[in-house]
>>> print(open('protein-v2.txt').read())   # compact mmCIF, C-alpha atoms
# COMPACT_ATOMS: atom_id res chain seq x y z
CA MET Y 1 31.07 -39.46 -29.47
CA THR Y 2 31.48 -38.79 -25.75
CA ARG Y 3 31.88 -35.12 -25.00
CA LEU Y 4 33.65 -33.58 -22.05
CA VAL Y 5 32.41 -30.53 -20.17
CA ALA Y 6 34.26 -27.43 -18.98
CA VAL Y 7 32.95 -24.54 -16.88
CA PRO Y 8 35.37 -21.62 -17.35
CA ASN Y 9 34.81 -18.50 -15.24
CA VAL Y 10 35.98 -15.10 -16.47
CA SER Y 11 36.44 -11.90 -14.47
CA GLU Y 12 33.96 -9.82 -16.48
CA GLY Y 13 30.26 -9.48 -15.77
CA ARG Y 14 29.25 -6.12 -17.24
CA ASP Y 15 30.47 -5.72 -20.82
CA GLU Y 16 28.42 -7.97 -23.10
CA ALA Y 17 30.65 -7.25 -26.10
CA VAL Y 18 33.66 -8.57 -24.21
CA LEU Y 19 31.74 -11.67 -23.16
CA ASP Y 20 30.55 -12.21 -26.72
CA ALA Y 21 34.14 -12.11 -27.95
CA ILE Y 22 35.33 -14.55 -25.30
CA GLY Y 23 32.37 -16.82 -26.04
CA ALA Y 24 33.25 -16.76 -29.74
CA ALA Y 25 36.81 -17.79 -28.87
CA PHE Y 26 35.55 -20.73 -26.80
CA ALA Y 27 33.25 -21.67 -29.69
CA THR Y 28 36.16 -22.24 -32.07
CA HIS Y 29 36.67 -25.72 -30.58
CA ALA Y 30 33.62 -26.39 -28.36
CA ASP Y 31 29.89 -25.81 -28.09
CA VAL Y 32 28.95 -22.96 -25.74
CA LEU Y 33 25.75 -24.31 -24.18
CA ASP Y 34 25.18 -21.67 -21.51
CA ARG Y 35 26.49 -18.35 -20.22
CA SER Y 36 25.53 -16.39 -17.12
CA SER Y 37 26.94 -13.14 -15.76
CA ASP Y 38 26.48 -10.84 -12.78
CA PRO Y 39 27.60 -7.18 -12.60
CA ASP Y 40 28.11 -7.14 -8.83
CA HIS Y 41 30.22 -10.28 -8.82
CA HIS Y 42 31.72 -8.89 -12.07
CA ARG Y 43 32.04 -12.42 -13.34
CA ALA Y 44 30.65 -14.69 -16.03
CA VAL Y 45 30.39 -18.46 -16.15
CA PHE Y 46 30.42 -20.38 -19.44
CA PHE Y 47 29.31 -23.98 -19.89
CA LEU Y 48 31.17 -25.75 -22.71
CA ALA Y 49 30.96 -29.22 -24.22
CA GLY Y 50 33.60 -30.56 -26.59
CA ALA Y 51 35.37 -33.63 -27.83
CA PRO Y 52 38.41 -35.01 -26.01
CA GLY Y 53 41.48 -33.54 -27.69
CA GLU Y 54 39.55 -30.41 -28.71
CA LEU Y 55 38.07 -28.98 -25.52
CA HIS Y 56 41.47 -27.84 -24.25
CA ARG Y 57 41.95 -25.81 -27.43
CA ALA Y 58 38.70 -23.96 -26.68
CA LEU Y 59 39.89 -23.12 -23.17
CA ALA Y 60 43.24 -21.84 -24.46
CA ALA Y 61 41.52 -19.69 -27.10
CA GLY Y 62 39.21 -18.23 -24.46
CA ALA Y 63 42.15 -17.56 -22.14
CA ALA Y 64 43.96 -15.61 -24.85
CA GLU Y 65 40.85 -13.57 -25.69
CA ALA Y 66 40.15 -12.85 -22.01
CA ALA Y 67 43.76 -11.72 -21.53
CA ALA Y 68 43.43 -9.35 -24.48
CA ARG Y 69 40.21 -7.77 -23.21
CA ILE Y 70 40.24 -7.85 -19.38
CA ASP Y 71 42.52 -5.78 -17.16
CA LEU Y 72 42.42 -7.07 -13.59
CA ARG Y 73 43.99 -3.84 -12.35
CA ALA Y 74 40.62 -2.15 -12.97
CA HIS Y 75 38.47 -5.00 -11.64
CA ASP Y 76 36.16 -4.12 -8.73
CA GLY Y 77 33.82 -7.10 -8.46
CA LEU Y 78 32.80 -8.92 -5.29
CA HIS Y 79 33.96 -12.35 -6.41
CA PRO Y 80 37.47 -13.49 -5.42
CA ARG Y 81 39.73 -13.89 -8.47
CA VAL Y 82 43.33 -14.20 -9.62
CA GLY Y 83 42.88 -14.12 -13.38
CA ALA Y 84 41.02 -12.80 -16.42
CA LEU Y 85 40.18 -16.43 -17.20
CA ASP Y 86 40.05 -17.16 -13.50
CA VAL Y 87 39.24 -20.87 -13.34
CA ALA Y 88 38.98 -23.48 -16.07
CA PRO Y 89 37.81 -26.79 -14.61
CA VAL Y 90 37.21 -29.82 -16.81
CA VAL Y 91 34.23 -31.67 -15.36
CA TYR Y 92 33.55 -35.40 -15.40
CA LEU Y 93 29.92 -36.41 -15.00
CA GLU Y 94 30.58 -40.13 -14.48
CA GLU Y 95 33.56 -41.85 -12.90
CA GLU Y 96 34.45 -43.52 -16.20
CA GLN Y 97 35.11 -40.06 -17.68
CA ARG Y 98 37.58 -39.12 -14.97
CA GLY Y 99 40.72 -40.27 -16.79
CA ALA Y 100 39.78 -38.43 -19.98
CA ALA Y 101 38.94 -35.31 -17.99
CA ILE Y 102 42.32 -35.38 -16.23
CA ALA Y 103 44.12 -35.71 -19.55
CA GLU Y 104 42.12 -32.84 -21.07
CA ALA Y 105 42.71 -30.58 -18.07
CA LEU Y 106 46.47 -31.13 -18.26
CA LEU Y 107 46.40 -30.40 -22.00
CA ALA Y 108 44.43 -27.23 -21.21
CA ALA Y 109 46.96 -26.17 -18.57
CA ASP Y 110 49.81 -26.64 -21.04
CA ALA Y 111 48.00 -24.79 -23.86
CA ILE Y 112 46.95 -21.86 -21.64
CA GLY Y 113 50.51 -21.62 -20.37
CA ALA Y 114 51.79 -21.60 -23.96
CA ALA Y 115 49.45 -18.65 -24.61
CA GLY Y 116 51.39 -16.64 -22.02
CA ILE Y 117 49.18 -17.13 -18.96
CA PRO Y 118 50.68 -18.85 -15.90
CA VAL Y 119 48.60 -21.81 -14.74
CA PHE Y 120 48.19 -23.19 -11.25
CA LEU Y 121 46.60 -26.60 -10.75
CA TYR Y 122 44.20 -27.26 -7.88
CA GLY Y 123 42.07 -30.07 -6.52
CA GLU Y 124 43.03 -33.63 -7.30
CA LEU Y 125 45.59 -32.46 -9.87
CA ALA Y 126 47.53 -30.68 -7.10
CA GLY Y 127 47.31 -32.92 -4.07
CA GLY Y 128 44.08 -31.32 -2.88
CA ARG Y 129 45.27 -27.70 -2.98
CA THR Y 130 42.14 -25.53 -3.09
CA ARG Y 131 41.03 -22.54 -5.13
CA ALA Y 132 40.60 -20.63 -1.89
CA GLU Y 133 44.27 -21.17 -0.98
CA LEU Y 134 45.42 -19.89 -4.36
CA ARG Y 135 42.99 -16.96 -4.41
CA SER Y 136 43.82 -15.71 -0.91
CA GLY Y 137 44.83 -12.06 -1.27
CA GLY Y 138 44.04 -12.01 -5.00
CA PRO Y 139 46.76 -11.83 -7.66
CA GLU Y 140 48.97 -9.80 -5.31
CA GLY Y 141 48.72 -12.48 -2.63
CA LEU Y 142 49.53 -15.22 -5.09
CA SER Y 143 52.59 -13.31 -6.28
CA ALA Y 144 53.73 -12.40 -2.77
CA ARG Y 145 53.66 -16.03 -1.61
CA GLY Y 146 56.06 -16.93 -4.39
CA THR Y 147 54.07 -20.00 -5.41
CA GLU Y 148 55.51 -21.36 -8.65
CA PRO Y 149 53.07 -21.87 -11.54
CA ASP Y 150 52.68 -25.41 -12.81
CA TYR Y 151 52.61 -24.33 -16.47
CA GLY Y 152 53.47 -21.27 -18.49
CA PRO Y 153 55.42 -18.16 -17.45
CA THR Y 154 56.94 -18.05 -13.99
CA THR Y 155 55.43 -14.63 -13.19
CA LEU Y 156 51.85 -13.38 -13.36
CA HIS Y 157 50.59 -11.77 -16.53
CA PRO Y 158 50.62 -8.00 -15.83
CA THR Y 159 46.92 -7.49 -16.67
CA ALA Y 160 45.44 -11.00 -16.86
CA GLY Y 161 46.96 -12.60 -13.77
CA ALA Y 162 46.83 -16.41 -13.78
CA THR Y 163 44.40 -19.22 -14.51
CA LEU Y 164 43.50 -22.03 -12.11
CA VAL Y 165 42.88 -25.43 -13.74
CA ALA Y 166 41.34 -28.55 -12.23
CA THR Y 167 39.46 -31.73 -12.91
CA ARG Y 168 36.36 -32.30 -10.80
CA PRO Y 169 32.79 -33.62 -10.62
CA PRO Y 170 30.00 -31.03 -11.04
CA LEU Y 171 30.18 -28.12 -8.58
CA ILE Y 172 26.85 -26.50 -7.75
CA ALA Y 173 27.23 -22.70 -7.68
CA PHE Y 174 24.08 -21.59 -5.95
CA ASN Y 175 22.96 -18.22 -4.56
CA LEU Y 176 20.11 -17.52 -2.14
CA GLU Y 177 18.52 -14.06 -1.88
CA LEU Y 178 17.39 -13.25 1.65
CA ALA Y 179 13.90 -11.82 2.05
CA PRO Y 180 13.78 -8.23 3.31
CA PRO Y 181 14.42 -6.87 5.76
CA ALA Y 182 17.96 -8.22 5.61
CA ALA Y 183 21.42 -6.75 6.10
CA LEU Y 184 24.88 -7.83 5.02
CA ASP Y 185 25.65 -8.90 8.59
CA ASP Y 186 22.66 -11.28 8.45
CA ALA Y 187 23.98 -12.97 5.32
CA ARG Y 188 27.49 -13.22 6.73
CA ALA Y 189 26.21 -14.75 9.96
CA VAL Y 190 24.15 -17.36 8.10
CA ALA Y 191 27.07 -18.19 5.79
CA THR Y 192 29.35 -18.71 8.78
CA LEU Y 193 26.87 -21.11 10.37
CA ILE Y 194 26.15 -23.29 7.35
CA ARG Y 195 29.51 -23.55 5.61
CA ALA Y 196 31.71 -26.58 6.14
CA GLY Y 197 33.38 -26.19 9.52
CA GLY Y 198 30.66 -23.87 10.83
CA ALA Y 199 28.43 -24.53 13.84
CA GLU Y 200 25.82 -26.17 11.58
CA GLY Y 201 28.31 -27.00 8.84
CA LEU Y 202 27.13 -28.76 5.70
CA ARG Y 203 29.83 -31.07 4.37
CA GLY Y 204 31.56 -29.72 1.28
CA VAL Y 205 29.63 -26.43 1.27
CA ARG Y 206 31.39 -23.08 0.94
CA ALA Y 207 29.39 -19.94 1.71
CA LEU Y 208 29.80 -16.17 1.73
CA GLY Y 209 27.44 -13.37 2.72
CA LEU Y 210 27.32 -10.63 0.07
CA GLU Y 211 25.52 -7.40 -0.75
CA LEU Y 212 24.74 -6.87 -4.44
CA GLN Y 213 24.31 -3.11 -4.59
CA ARG Y 214 23.26 -2.90 -8.23
CA ARG Y 215 20.33 -5.23 -7.55
CA ALA Y 216 19.76 -4.15 -3.94
CA VAL Y 217 20.04 -7.81 -2.89
CA ILE Y 218 21.44 -9.44 0.24
CA GLN Y 219 22.72 -12.85 -0.75
CA VAL Y 220 24.19 -16.03 0.67
CA SER Y 221 26.45 -17.29 -2.12
CA THR Y 222 27.36 -20.98 -1.92
CA ASN Y 223 29.28 -23.72 -3.68
CA ILE Y 224 28.18 -27.32 -3.14
CA GLU Y 225 31.14 -29.60 -3.80
CA ASP Y 226 29.27 -32.93 -3.69
CA HIS Y 227 25.59 -32.76 -4.62
CA ARG Y 228 25.20 -36.45 -3.81
CA ALA Y 229 25.90 -35.65 -0.15
CA VAL Y 230 24.23 -32.22 0.09
CA THR Y 231 21.57 -30.99 -2.34
CA ALA Y 232 20.46 -27.46 -3.12
CA THR Y 233 17.33 -28.22 -1.10
CA ASP Y 234 19.47 -29.06 1.94
CA VAL Y 235 21.24 -25.71 1.65
CA LEU Y 236 17.93 -23.88 1.29
CA ALA Y 237 16.61 -25.55 4.45
CA ALA Y 238 19.76 -24.67 6.39
CA VAL Y 239 19.60 -20.99 5.38
CA ALA Y 240 15.82 -20.79 5.96
CA ARG Y 241 16.27 -21.92 9.58
CA HIS Y 242 17.88 -18.53 10.20
CA HIS Y 243 16.34 -16.18 7.65
CA ALA Y 244 13.52 -16.35 5.10
CA VAL Y 245 14.65 -16.88 1.50
CA LYS Y 246 12.98 -14.85 -1.23
CA ARG Y 247 14.42 -16.68 -4.24
CA ALA Y 248 17.45 -18.62 -5.39
CA GLU Y 249 19.52 -18.97 -8.55
CA LEU Y 250 21.90 -21.47 -10.09
CA VAL Y 251 24.94 -19.84 -11.63
CA ALA Y 252 25.57 -22.71 -14.05
CA PRO Y 253 23.76 -25.88 -15.14
CA ALA Y 254 23.57 -28.58 -12.50
CA PRO Y 255 22.72 -32.30 -12.46
CA GLU Y 256 19.02 -32.99 -11.97
CA ALA Y 257 19.79 -34.88 -8.75
CA ALA Y 258 21.23 -31.70 -7.20
CA LEU Y 259 17.75 -30.13 -7.27
CA ALA Y 260 15.79 -33.06 -5.87
CA GLY Y 261 12.97 -32.02 -3.53
CA TRP Y 262 13.09 -28.32 -4.32
CA PRO Y 263 9.89 -26.72 -2.89
CA GLU Y 264 7.43 -25.16 -5.34
CA ASP Y 265 6.91 -22.07 -3.17
CA VAL Y 266 10.51 -20.83 -3.53
CA GLU Y 267 11.46 -19.38 -6.90
CA LEU Y 268 14.53 -20.99 -8.48
CA ARG Y 269 16.17 -19.34 -11.46
CA MET Y 270 18.21 -21.83 -13.42
CA PRO Y 271 19.71 -22.26 -16.90
CA GLY Y 272 18.62 -25.89 -17.20
CA SER Y 273 20.02 -29.21 -16.10
CA ILE Y 274 23.25 -30.66 -17.41
CA GLU Y 275 21.32 -33.66 -18.71
CA ALA Y 276 18.96 -31.45 -20.73
CA LEU Y 277 21.76 -29.36 -22.24
CA LEU Y 278 23.73 -32.46 -23.25
CA GLY Y 279 20.63 -34.20 -24.61
CA ARG Y 280 20.77 -37.07 -22.14
>>> encode(input="protein-v2.txt", output="structure tokens")
Amino acid sequence: MTRLVAVPNVSEGRDEAVLDAIGAAFATHADVLDRSSDPDHHRAVFFLAGAPGELHRALAAGAAEAAARIDLRAHDGLHPRVGALDVAPVVYLEEEQRGAAIAEALLAADAIGAAGIPVFLYGELAGGRTRAELRSGGPEGLSARGTEPDYGPTTLHPTAGATLVATRPPLIAFNLELAPPAALDDARAVATLIRAGGAEGLRGVRALGLELQRRAVIQVSTNIEDHRAVTATDVLAAVARHHAVKRAELVAPAPEAALAGWPEDVELRMPGSIEALLGR
């Protein structure tokens, strides 16, 4: 049976017991194949695989558990967010899966809304509206703009905010640690140069410069929206033109093609490829 993939992100990266409980909720209707978390970002990323007609139930169960255990009013992580279950994209790996992924994402939006969490669609389900647009200013910004949710309650959950739902191809969440000496201003300058629209902009690449104080790391944090156009190796080369890179990490599993040409002399921490996790 063909399985669909979802990559829900939750706004918790420090309490393993909370993440275990949310993972158990996801596991009621899907296989949890990977989980990564970061205390500075204060965020965790789950990688789920499930059958069409079941995967949305896993996302709704995880949303309810996250709402019960995460209070955004006390959240102090670096990563932008608007919800306890912040984003819940259903991912299609081949074009022939796109229709099934769209259907599953809309079922997920409806089920999460029925659990009491307002849902906003983004990407191709919302005419191209982006996560960045919805996240601008955090939950308070979303509320102040008066944007109407697409599913669920018409106002934000008081402690769990909202969930953003989409259908998309694989997104490569990819962080590069700058070699010392490096400062936050260095990372921000590099991010500005390489992101889409920057002076050396890479198409479909989003980038931020961050300081991870718990790990004493200066990082360029990126999202690659189309790995067929820009690989992780391309991003590494762009950053390295301006500052030496000590190591890099993938936040979630990625297609093997996204890592083509990666140099052996730069450490890459990764959870495995999507193909390996799905047994392809």
>>> closest_residue(input="protein-v2.txt", among="Y:Val266, Y:Val90, Y:Ala126, Y:Ala182", to="Leu107 in chain Y", atoms="only C-alpha atoms")
Y:Val90
>>> closest_atom_pairs(input="protein-v2.txt", of="range 83-162 of chain Y", to="range 195-216 of chain Y", cutoff="12 Å", atoms="all atoms listed in the file", output="JSON lines")
{"residue": "Y:Thr130", "atom": "CA", "partner": "Y:Arg206", "partner_atom": "CA", "distance": 11.7}
{"residue": "Y:Arg131", "atom": "CA", "partner": "Y:Arg206", "partner_atom": "CA", "distance": 11.4}
{"residue": "Y:Ala132", "atom": "CA", "partner": "Y:Arg206", "partner_atom": "CA", "distance": 9.9}
>>> residues_around(input="protein-v2.txt", residues="Leu93 in chain Y", least_positions_apart="2", cutoff="8 Å", atoms="all atoms listed in the file", output="list of chain:residue names")
Y:Val91, Y:Glu95, Y:Gln97, Y:Pro169, Y:Pro170
>>> residues_around(input="protein-v2.txt", residues="His56 in chain Y", least_positions_apart="4", cutoff="7 Å", atoms="only C-alpha atoms", output="MDAnalysis selection string")
chainID Y and resid 60 104:105 107:108
>>> atom_distance(input="protein-v2.txt", atom1="CA of Ala21 in chain Y", atom2="CA of Ala173 in chain Y")
23.9 Å
>>> residues_around(input="protein-v2.txt", residues="Pro253 in chain Y", least_positions_apart="6", cutoff="6 Å", atoms="all atoms listed in the file", output="ChimeraX atom specification")
/Y:271-274
>>> axis_aligned_box(input="protein-v2.txt", around="range 135-151 of chain Y", padding_each_side="4 Å", output="lines of an AutoDock Vina configuration file")
center_x = 49.5
center_y = -17.6
center_z = -8.7
size_x = 21.1
size_y = 23.6
size_z = 23.6
>>> atom_distance(input="protein-v2.txt", atom1="CA of Ala58 in chain Y", atom2="CA of Gly83 in chain Y")
17.1 Å
>>> atom_distance(input="protein-v2.txt", atom1="CA of Ala244 in chain Y", atom2="CA of Ala258 in chain Y")
21.1 Å
>>> residues_around(input="protein-v2.txt", residues="Gly161 in chain Y", least_positions_apart="4", cutoff="8 Å", atoms="only C-alpha atoms", output="list in words")
Leu72, Val82, Gly83, Ala84, Ile117, Pro118, Pro139, Leu156 and His157 of chain Y
>>> closest_residue(input="protein-v2.txt", among="Y:Leu134, Y:Leu277, Y:Phe46, Y:Ala160", to="Glu148 in chain Y", atoms="all atoms listed in the file")
Y:Leu134
>>> residues_around(input="protein-v2.txt", residues="Val119 in chain Y", least_positions_apart="2", cutoff="7 Å", atoms="only C-alpha atoms", output="ChimeraX atom specification")
/Y:109,113,117,121,149-152,162-165
>>> closest_residue(input="protein-v2.txt", among="Y:Ser143, Y:Val7, Y:Arg81, Y:Pro52", to="Leu33 in chain Y", atoms="all atoms listed in the file")
Y:Val7
>>> closest_residue(input="protein-v2.txt", among="Y:Gly53, Y:Pro255, Y:Gly261, Y:Gly116", to="Ala68 in chain Y", atoms="only C-alpha atoms")
Y:Gly116
